[in-house]
Amino acid sequence: MKNNLLQSVIDTLSTNSNLQGNEALETVLRNTSLIDLSELIKVDTNFTRDLKFIHKNIRFSIDIQECVLIRQVRGIRWEYKVIISNHKFKAEENWIVIPSQEHSNIETLLSIKMELNNVSPFLNHQNNSVIYQLLDIENAHFENFRYERGGVLFAPSKENKYSLSDKNYLSNIASIISFCVEKDTSSQFLSGVYRNLKSTAKRAQQNIEQHCVGSIPVAYLNENSGLPNQAGFLRLIGHLIDSGETDFSVVVLSIDKFSYFCNLFDAYTKERFLAETIDRISSVIVNNTTLSHIGASDLAFVLLEHDSISVKQKILEVLNSFSEDLQVDDVKVRFEISVGISEYPSCGNNADTLQKMANIALFKASQKTNDRLVIYTQGMEKELKLHLELSRSIQQAIERDELEVYFQPITLVGDKGKVHYYEALVRWIHPQQGIISPDLFIEIAEASGEIIPLGYWITQRVCHHIHRKKLPANICVSINLSPIQIRETKLASNMANILQRYSIAPNRITFEITETAAMLDPTLTRLRFSELKNIGFKLAVDDFGTGYSSLSYLLNFSFEYIKIDKSFIDHSSINDGYAVIASSMIKLAHKLNMIVICEGIETAQQYSMVTDWGADMIQGYLISKPMPIEHFYPD
Ligand code: C2E
Ligand code: CA
Ligand code: CA
């Protein structure tokens, strides 16, 4: 229902973006978040763009009726996916499991492929099985244009015979796919295809079975569970890497309080609880022979799923399987599980590193109160070290003069040179590590509670600069507020006291809070905002378009400014639908007396785009990066 309504809005907006007199439209815009609206126009823009590019530049036409990728998963399961059907690319097809009775056909296919690489591209193979029909295998041809990148199985376009031009087409497709992927790794579909291409060929040549528990010497097995132990698990990862597995995820899982709990029971009960735990996990990761028992309460396994989303999905299933109590005889227990994940090859290229990264992610997961599933991301190790360092005391960093507030100008549209506003952005200038991004340490300071004194210090530092540099009275500064600061009962009065010390009027300071942070506890946010407003501070909603709030809802918080997030600007440059929505939203925001700032403007094109939309102010590298105050007001 909601979608139908939205769709009609999009249709109307696409033909006529004038809001005047269209009340129904306005109501929908008022009550729908930018994110919901954008969902509707979200096609895989990279993919479409790539295809357009291909058509334009390579004079390529999809003359192939059917193109199917096949892959082997864990040496036990085969899957296929149609990527071209009826001459059209199919972007969203899922992998489909090929029934096991067809496996021998695939083995034959692979041997044919090997032959093909050496002999002739034509073959005459009679077989009526489902998979052969599906793949139109009678004249199957494995192109080998980029053999080292993977084999693709294609069906020919004409009379079930391959011609030389077909071969060219096939080569084209293979090169286009790799070309696009090399050119634009963010193109998810194409990179998926690319990865599958690679793994299909590699796996075909290896017998992954050798990684199975059956072949692992006893020294590598845990004597309690019979699963691979720590050394066995590392060996297993090593095997996967050596055998050319192209990407996989290492999952480390810790059962909280397991050891503590088990000490209360006899060895037999302990063993059965452990067996029960392992059963629950195995029931989710069916046929996965990598499950290992790497520590008293730690288990681990490898997932060959290719993308983070399906890995996450699988792990959530594992976690859900523990939502019910475990029972042995009449003893019932509920275990909390934390999970850390690292991905090969992005997190490391050897077993030790991969497990270490998964353990770092596990540490982070175990500190969370819910959602205890963390995938290692770049910088997490550094973050962990920083965490340890920072949690010792951020106060010390302030005392050592390592923190500073930088200023980034916000200018009026139409007058790029005229600054009315600056956003204050904190920096940690570390003597060894250089400038550390606030994205890294604000979160840590929030977790430790240090954000409260830090927040006051930042405001005080802003006031210090305004005062010392005698910034003209019409220049205002906006300061970011974290949701933790909203919980501070005396936030408004403490901020007011700081300003008073420097004789700065509160209406020169705007507090920015993200849409999502404001929504964490809307009642409390409203209360705190009314206190800040009573003193005379102004308010801005930050990163608008990344959360699910509508303009109507935001009116509850009486924001004066609305900052449209960079991601929305970036999308609009590619997809017209976003631009139509954004410009209509800005018109509406004006009707509601809000001032609109567009963030992250990097190019002249983006600048003229948001000018067309009717934005009031812009902020971004096009004008200036955040800089020390001296850059704008030299001593
Ligand atoms: P934010 O509030 O959304 O700040 C804008 C971020 O976008 C800043 O990153 C800024 O340097 C960056 N930016 C501005 N223009 C452009 C552009 O044209 N292109 C690109 N790519 N980026 C641009 P920064 O300084 O690294 O801050 C990151 C985040 O850390 C901020 O996001 C804010 O959430 C937080 N933060 C920064 N300073 C403070 C602070 O003093 N207090 C609190 N609570 N959070 C802060
Ligand atoms: Ca901000
Ligand atoms: Ca922002």
# chains A, B, ... in the order shown; residues from 1 in each chain; ligands from 1
>>> closest_atom_pairs(of="chain A", to="ligand 3", cutoff="8 Å", atoms="only C-alpha atoms and all ligand atoms", output="Markdown table")
| residue | atom | partner | partner_atom_place_in_ligand_line | distance |
| --- | --- | --- | --- | --- |
| A:Thr514 | CA | ligand 3 | 1 (Ca) | 7.3 |
| A:Asp542 | CA | ligand 3 | 1 (Ca) | 4.9 |
| A:Asp543 | CA | ligand 3 | 1 (Ca) | 4.3 |
| A:Phe544 | CA | ligand 3 | 1 (Ca) | 7.8 |
| A:Lys563 | CA | ligand 3 | 1 (Ca) | 6.7 |
| A:Ile564 | CA | ligand 3 | 1 (Ca) | 7.6 |
| A:Asp565 | CA | ligand 3 | 1 (Ca) | 5.8 |
| A:Lys566 | CA | ligand 3 | 1 (Ca) | 7.4 |
| A:Glu599 | CA | ligand 3 | 1 (Ca) | 6.5 |
>>> closest_atom_pairs(of="chain A", to="ligand 2", cutoff="8 Å", atoms="only C-alpha atoms and all ligand atoms", output="tab-separated table")
residue	atom	partner	partner_atom_place_in_ligand_line	distance
A:Glu423	CA	ligand 2	1 (Ca)	7.0
A:Leu425	CA	ligand 2	1 (Ca)	7.8
A:Ser478	CA	ligand 2	1 (Ca)	7.9
A:Ile479	CA	ligand 2	1 (Ca)	7.2
A:Asn480	CA	ligand 2	1 (Ca)	5.3
A:Glu512	CA	ligand 2	1 (Ca)	5.7
A:Ile513	CA	ligand 2	1 (Ca)	7.0
A:Thr514	CA	ligand 2	1 (Ca)	7.5
A:Asp542	CA	ligand 2	1 (Ca)	5.5
A:Asp543	CA	ligand 2	1 (Ca)	7.2
>>> closest_residue(among="A:Glu446, A:Asp521, A:Glu531, A:Glu602", to="ligand 1", atoms="only C-alpha atoms and all ligand atoms")
A:Glu602
>>> residues_near_ligand(ligand="ligand 1", cutoff="9 Å", atoms="only C-alpha atoms and all ligand atoms", output="MDAnalysis selection string")
chainID A and resid 405:406 408 423:427 436:443 446 451 454:455 458:459 479:485 512:514 542:543 563 565:566 599:603 619:626
>>> select_by_dssp(residues="stretch 220-326 of chain A", states="helix (DSSP H, G or I)", output="PyMOL selection string")
chain A and resi 220+230-242+258-262+267-284+308-320
>>> atom_distance(atom1="atom CA of A:Val328", atom2="atom CA of A:Asp256")
18.1 Å
